[in-house]
Every structure is written in C-alpha cells, then in structure tokens.
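Please read the structure below before turning to the comments.
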Amino acid sequence: MSPLASYRRLLDLVGPAYVLVAFVGRLPTSMSQLGTLVLISSTTGSYASGGLAAGALAIANAVGSPLAGALSDRHGQRPVVLVQSLLGALALGVLVIAAHADFSTPVLVLCAAVAGSLLPQVGPLSRVRWRPLVADSGVHQRRLLDTAFSYEGAADEASFVLGPALVGTGVALISPEAAMLMASVLLVVFGCAFALHPTAPGAVPRPAPGTVVARVVTPFFVVLLLALMCVGMLFGATQTGTTVMADAAGEPGLAGLIHAVLGIGSVIAGLGTALLPESFGHARRMLVCAVALLVMSLPLLAVDSLTGLVLVVLALGFGVAPYLISVFTLGERALPQSRASLGLSLLASAVGLGYALGAGAAGRLADAHGHTAAFTVTVGAMVLAVVLALVVQARDRARAQPAAGSAAEPAHPLLDVV
C-alpha cells in the first residue's frame with residue numbers, strides 16, 4: 001500500500017471531522033506554555049519567573065497526563081477528557097486573573113501548575129485510537145499504523161506551529177491575556193468535541209485475576225523517555241532564547257511567530273516520513289535525526305539577528321518530527337493495548353518535562369548572560385539525544401544478530417520493538 005493510499009484509508013476510517021477536532025484540540029496545550037511564559041514575564045518583568053511558571057505548567061502536565069491516561073485505560077477516554085477540558089479551561093482563566101493581582105512568583109507558579117495538571121494531552125490519546133481502528137486491515141495493519149503515527153507526529157508539530165503563532169498574534173494585536181483566553185475557549189470547544197467523538201475508546205477490560213500484566217516502564221522504555229525529554233528541552237530552551245532575542249530587538253510579539261517556524265519544516269518532514277522504506281528501521285531513523293538535530297542546533301550559538309534566527313530554527317525543524325515519530329513508534333510497539341493510554345501519555349509527558357527543564361535552565365542563563373547562553377541548553381540536549389540514540393541503535397543491532405536457532409525464541413512483549 002502506497003503512502004497516499006494509506007493516508008486515504010485512514011481518512012476513510014475516521015472522517016474529516018475527527019482530523020479537525022483532534023488537531024485543534026492540541027492547540028491549547030502548545031499555546032498555554034508560550035502564553036504563560038510571555039504573560040508572567042510581562043507582568044513580573046522577569047524571564048526567570050516566566051520560565052519557572054511555564055516550566056511548572058509543563059511539569060504538572062507531565063505528571064497529570066499519565067494519571068489521566070491510566071484513568072482512560074480504566075474508564076475510557078470520554079469522561080476523563082471531558083472533565084479535563086472544562087476544568088483546564090477554567091484554570092487558564094484563573095491564571096490570567098492571578099497574573100494581574102500582584103501575587104508573588106511562587107503563587108503564580110502554583111496557579112500555572114494547577115492549570116497544567118488539568119490540560120488534556122490529545123496527541124497521545126489520539127494515537128491510542130488508531131491501533132483498534134486498523135486492527136482489521138490484515139497485511140496492511142502495520143503500514144497503516146506507521147502512517148497514522150507519521151500523521152500524528154506531523155499534527156503535533158503543526159500544533160507547535162499554529163499554537164505559538166496564535167499566541168504571537170494575540171500578543172501583537174491585543175495582549176498576552178487575550179492569547180491565554182483564546183486557549184481556554186479552544187479547550188472548551190474542541191477538547192469536549194474530541195472527548196465526545198465516536199472514536200473515543202471505552203474502558204479496556206480488566207485482566208482476569210491471576211493474569212500477569214506486562215510492565216510499562218522497562219529499562220528500554222526509560223531510554224525512550226529520556227530521548228523525548230531531550231526534544232522537550234530543545235523546545236523549551238529555544239523558545240526562551242527566541243523570546244529574549246525578540247524582546248531585545250523591541251519585537252516581543254514575534255517570539256511566538258519565530259518559534260512557530262520550527263514546526264514548519266517539522267510538519268513537512270513528519271508527513272514525508274511515511275515515504276521512508278520499512279527497511280530503514282526506526283532505531284536508525286532516530287540516530288540519523290539526532291545527529292542532524294545536533295549539527296543544525298550549533299548555529300544557534302552564533303546567531304545575532306532575528307533573520308538569522310528564523311533561518312536556523314526553520315532548518316532545525318526538519319529533524320524534529322521524524323525523531324519524535326521514530327521514538328513514539330518504538331514506544332507504541334513496546335506497549336500492550338491495555339496500557340496504551342498510560343504508556344503513550346508517559347512518552348508525551350517526557351516532552352513536557354523536558355520543556356520545563358529547558359525553559360527553566362535557559363531562563364536563568366538568559367537573565368544572566370543573554371540569548372546565547374539560553375541556546376547552549378538546546379545544544380547540550382541534542383548531545384544527550386545522540387548518546388541515547390546510539391544506545392537504542394546498539395540494542396537494535398544486538399537483537400538483529402541472534403543465531404538462527406535462537407531467533408525463534410519468543411520475545412517479551414515489552415521488548416519486541418524491532
């Protein structure tokens with residue numbers, strides 16, 4: 001089945017309305033991170049405070065999402081996402097009010113954390129829906145699932161384009177408060193629509209007493225979590241460095257628009273991932289993309305203008321989505337269906353946790369030394385990403401070289417990622 005035929009088949013399975021709802025439903029999370037950074041930085045006059053608040057929101061989301069995923073596995077996505085959408089929208093509104101009430105930074109950070117804990121992670125929950133949808137596709141099942149994950153990776157990246165762009169537009173035309181309230185409205189409308197869509201899976205039947213339930217967190221899964229944290233650090237540190245540069249140039253509203261450029265190449269590369277041959281395995285793709293991201297991040301240390309920054313960020317984006325897709329695919333193959341919402345939420349949460357670490361560290365460095373210091377966090381994260389990709393590649397090669405007699409041995413379901 002060709003990539004184009006695969007995309008058509010997936011669209012036939014879910015319908016155009018689902019594509020719209022599942023995409024727009026992701027925007028509030030990507031908007032809230034940058035929106036919080038800009039909002040708190042502008043009201044307190046401190047990039048460190050803005051970075052701490054944005055980081056707290058991301059960390060709380062990273063902690064809350066797996067809990068919501070586990071509840072979704074047990075009770076179904078619909079009730080969980082409905083509650084998250086309504087309460088999360090309310091919490092974003094409260095954060096806007098708190099930002100103008102002269103509260104101290106710890107209080108603002110707490111408000112941001114509460115909001116983050118309630119925001120639904122639509123991306124991983126949407127990924128969970130694909131496996132049962134393509135279950136009856138016969139020999140095309142794996143191809144369709146890989147294509148679905150390529151689309152999901154591109155959709156995630158597109159949300160990182162449009163989300164910051166909406167924030168930047170709201171800041172430039174109205175105010176940071178308007179951007180945050182826009183995220184709140186989108187969450188109510190499209191978060192609830194995602195929850196109510198017919199594709200929402202119900203509760204997964206609980207295993208019979210005495211049944212051995214496969215573990216989600218294994219040493220290999222931890223490596224994947226760390227690999228995704230590196231990309232989150234790239235997002236957080238690059239976003240912070242971009243904000244500092246835009247403010248210094250007297251164009252604070254451009255921060256979101258410039259960071260959105262990161263996703264343009266990423267969306268294109270993500271959709272194109274479906275064109276890659278199956279012989280080009282995901283472990284190798286992960287390593288190639290990690291090296292590319294490291295090489296393309298180095299010019300950030302020399303950039304001294306917004307025009308140069310746009311070009312560097314655009315190039316950097318081409319490696320992001322393929323890297324994310326490879327890691328998420330490796331993780332999905334390592335998960336039993338009964339724990340899919342939890343496992344994929346954990347992977348997505350690792351990106352959020354990395355964002356928090358990257359934004360927080362870059363914010364402190366930027367306050368003391370400017371934008372270049374913030375971008376060193378991006379480069380450092382990519383060095384770690386290469387190391388982790390080498391670990392995954394070495395493991396993949398080791399598993400591909402068993403003797404013929406041992407090749408038939410059944411693999412543990414959580415380790416069968418080849």
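Quick note on naming: the chains in the structure tokens go A, B, ... in the order shown, residues restart at 1 in each chain, and ligands are numbered from 1 in order of appearance.
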message = Env of Ile59 (chain A): 7 Å cut, atoms = only C-alpha atoms, seq-sep filter 3 positions within chain, self excluded. Answer as JSON, numbers by chain.
response = {"A": [55, 56, 62, 63, 352, 353, 356]}
key: Shell around region 44-54 of chain A at 8 Å using only C-alpha atoms, local window under 5 positions removed, as an NGL selection string   = :A and (33-34 or 36-39 or 105 or 108-110 or 112-113 or 240 or 244 or 356 or 359-360 or 362-364 or 366-367)
Save out the residues we just selected, N, CA and C atoms, as an mmCIF file, in the first residue's frame.
data_model
loop_
_atom_site.group_PDB
_atom_site.id
_atom_site.type_symbol
_atom_site.label_atom_id
_atom_site.label_comp_id
_atom_site.auth_asym_id
_atom_site.auth_seq_id
_atom_site.Cartn_x
_atom_site.Cartn_y
_atom_site.Cartn_z
ATOM 1 N N GLN A 33 1.821 27.015 27.056
ATOM 2 C CA GLN A 33 3.210 27.058 27.502
ATOM 3 C C GLN A 33 3.862 28.388 27.145
ATOM 4 N N LEU A 34 3.818 28.748 25.872
ATOM 5 C CA LEU A 34 4.396 30.035 25.481
ATOM 6 C C LEU A 34 3.573 31.184 26.049
ATOM 7 N N THR A 36 1.974 31.345 28.856
ATOM 8 C CA THR A 36 2.351 31.539 30.258
ATOM 9 C C THR A 36 3.706 32.223 30.368
ATOM 10 N N LEU A 37 4.659 31.796 29.529
ATOM 11 C CA LEU A 37 5.991 32.409 29.549
ATOM 12 C C LEU A 37 5.900 33.907 29.276
ATOM 13 N N VAL A 38 5.160 34.285 28.237
ATOM 14 C CA VAL A 38 5.056 35.700 27.870
ATOM 15 C C VAL A 38 4.238 36.480 28.893
ATOM 16 N N LEU A 39 3.125 35.894 29.346
ATOM 17 C CA LEU A 39 2.248 36.570 30.299
ATOM 18 C C LEU A 39 2.965 36.878 31.605
ATOM 19 N N THR A 105 5.778 35.428 42.830
ATOM 20 C CA THR A 105 6.127 34.421 41.826
ATOM 21 C C THR A 105 5.737 33.004 42.261
ATOM 22 N N LEU A 108 2.096 32.467 41.494
ATOM 23 C CA LEU A 108 1.861 32.369 40.059
ATOM 24 C C LEU A 108 2.312 31.015 39.512
ATOM 25 N N VAL A 109 3.433 30.549 40.016
ATOM 26 C CA VAL A 109 3.929 29.236 39.602
ATOM 27 C C VAL A 109 2.938 28.147 40.008
ATOM 28 N N LEU A 110 2.361 28.281 41.205
ATOM 29 C CA LEU A 110 1.373 27.302 41.664
ATOM 30 C C LEU A 110 0.130 27.321 40.773
ATOM 31 N N ALA A 112 -0.022 28.208 37.669
ATOM 32 C CA ALA A 112 0.351 27.616 36.382
ATOM 33 C C ALA A 112 0.405 26.094 36.483
ATOM 34 N N ALA A 113 0.897 25.601 37.617
ATOM 35 C CA ALA A 113 0.978 24.160 37.803
ATOM 36 C C ALA A 113 -0.412 23.522 37.850
ATOM 37 N N THR A 240 12.657 29.990 24.864
ATOM 38 C CA THR A 240 13.105 31.025 25.788
ATOM 39 C C THR A 240 14.143 31.934 25.145
ATOM 40 N N VAL A 244 13.839 36.044 24.390
ATOM 41 C CA VAL A 244 14.827 37.036 24.837
ATOM 42 C C VAL A 244 15.322 37.872 23.652
ATOM 43 N N ALA A 356 10.033 21.845 30.495
ATOM 44 C CA ALA A 356 10.170 22.541 31.773
ATOM 45 C C ALA A 356 11.636 22.718 32.145
ATOM 46 N N ALA A 359 13.233 25.240 29.564
ATOM 47 C CA ALA A 359 12.792 26.625 29.749
ATOM 48 C C ALA A 359 13.334 27.210 31.048
ATOM 49 N N GLY A 360 13.314 26.413 32.120
ATOM 50 C CA GLY A 360 13.805 26.901 33.403
ATOM 51 C C GLY A 360 15.290 27.206 33.374
ATOM 52 N N ALA A 362 17.218 27.652 30.691
ATOM 53 C CA ALA A 362 17.512 28.705 29.728
ATOM 54 C C ALA A 362 17.097 30.074 30.263
ATOM 55 N N GLY A 363 15.992 30.140 31.012
ATOM 56 C CA GLY A 363 15.550 31.399 31.579
ATOM 57 C C GLY A 363 16.568 31.973 32.551
ATOM 58 N N ARG A 364 17.118 31.121 33.400
ATOM 59 C CA ARG A 364 18.128 31.600 34.355
ATOM 60 C C ARG A 364 19.386 32.078 33.625
ATOM 61 N N ALA A 366 19.591 33.091 30.550
ATOM 62 C CA ALA A 366 19.285 34.283 29.755
ATOM 63 C C ALA A 366 19.278 35.530 30.621
ATOM 64 N N ASP A 367 18.729 35.434 31.838
ATOM 65 C CA ASP A 367 18.732 36.591 32.734
ATOM 66 C C ASP A 367 20.156 37.061 33.025
#
key: Residues within 7 Å of Pro28 (chain A), only C-alpha atoms, excluding chain neighbours under 4 positions, as an NGL selection string   = :A and (32 or 183-184 or 186-187)
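In this structure, CA of Ser137 (chain A) sits 23.8 Å away from CA of Gly343 (chain A).
The list of residues with at least one atom within 10 Å of Ala302 (chain A), based on only C-alpha atoms and without residues fewer than 6 positions apart in the same chain, reads Gly308, Leu309, Thr372 and Phe375 of chain A.
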May I have the selected residues written with N, CA, C and O atoms, as a compact mmCIF listing (two decimals), in the first residue's frame?
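Final output, saved to result.txt:
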# COMPACT_ATOMS: atom_id res chain seq x y z
N GLY A 308 18.55 35.79 11.05
CA GLY A 308 19.38 34.60 11.14
C GLY A 308 18.74 33.54 12.00
O GLY A 308 18.81 32.34 11.69
N LEU A 309 18.08 33.96 13.08
CA LEU A 309 17.43 33.01 13.97
C LEU A 309 16.31 32.27 13.23
O LEU A 309 16.14 31.05 13.40
N THR A 372 22.35 33.81 23.89
CA THR A 372 23.30 32.77 23.51
C THR A 372 23.43 31.72 24.60
O THR A 372 23.50 30.51 24.32
N PHE A 375 20.61 29.31 24.42
CA PHE A 375 20.71 28.34 23.33
C PHE A 375 21.73 27.23 23.61
O PHE A 375 21.71 26.19 22.95
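Picture a line from CA of Pro176 (chain A) to CA of Leu254 (chain A); it runs 12.4 Å.
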inquiry  = Applying 10 Å and only C-alpha atoms, which residues near Leu293 (chain A) remain after dropping the ones on its own chain fewer than 4 positions away? List them as a ChimeraX atom specification.
reply    = /A:231,234,287-289,297-298,315-320,323,378-379,381-383,385-386
note = Judged by only C-alpha atoms, the minimum distance to Leu125 (chain A) among A:Thr242, A:Ser345, A:Ser305, A:Gln393 is found for A:Ser345
ask   = Of the candidates A:Gly35, A:Gly263, A:Pro66, A:Pro132, which one gets nearest to Ala99 (chain A) if we count only C-alpha atoms?
value =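 For Ala99 (chain A), the nearest of the candidates is A:Gly35.
Going from CA of Ala374 (chain A) over to CA of Leu314 (chain A), you cover 18.0 Å.
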request  = Rank A:Ile40, A:Leu344, A:Leu357, A:Leu133 by their smallest atom-to-atom distance to Asp102 (chain A), using only C-alpha atoms, and report the top residue only.
outcome  =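 With only C-alpha atoms as the atom set, the closest residue is A:Ile40.
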message = I need the residue nearest Arg74 (chain A) from this list: A:Gly232, A:Pro201, A:Thr307, A:Leu226. Use only C-alpha atoms for the distance.
response =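 The answer is A:Pro201, which sits nearest to Arg74 (chain A).
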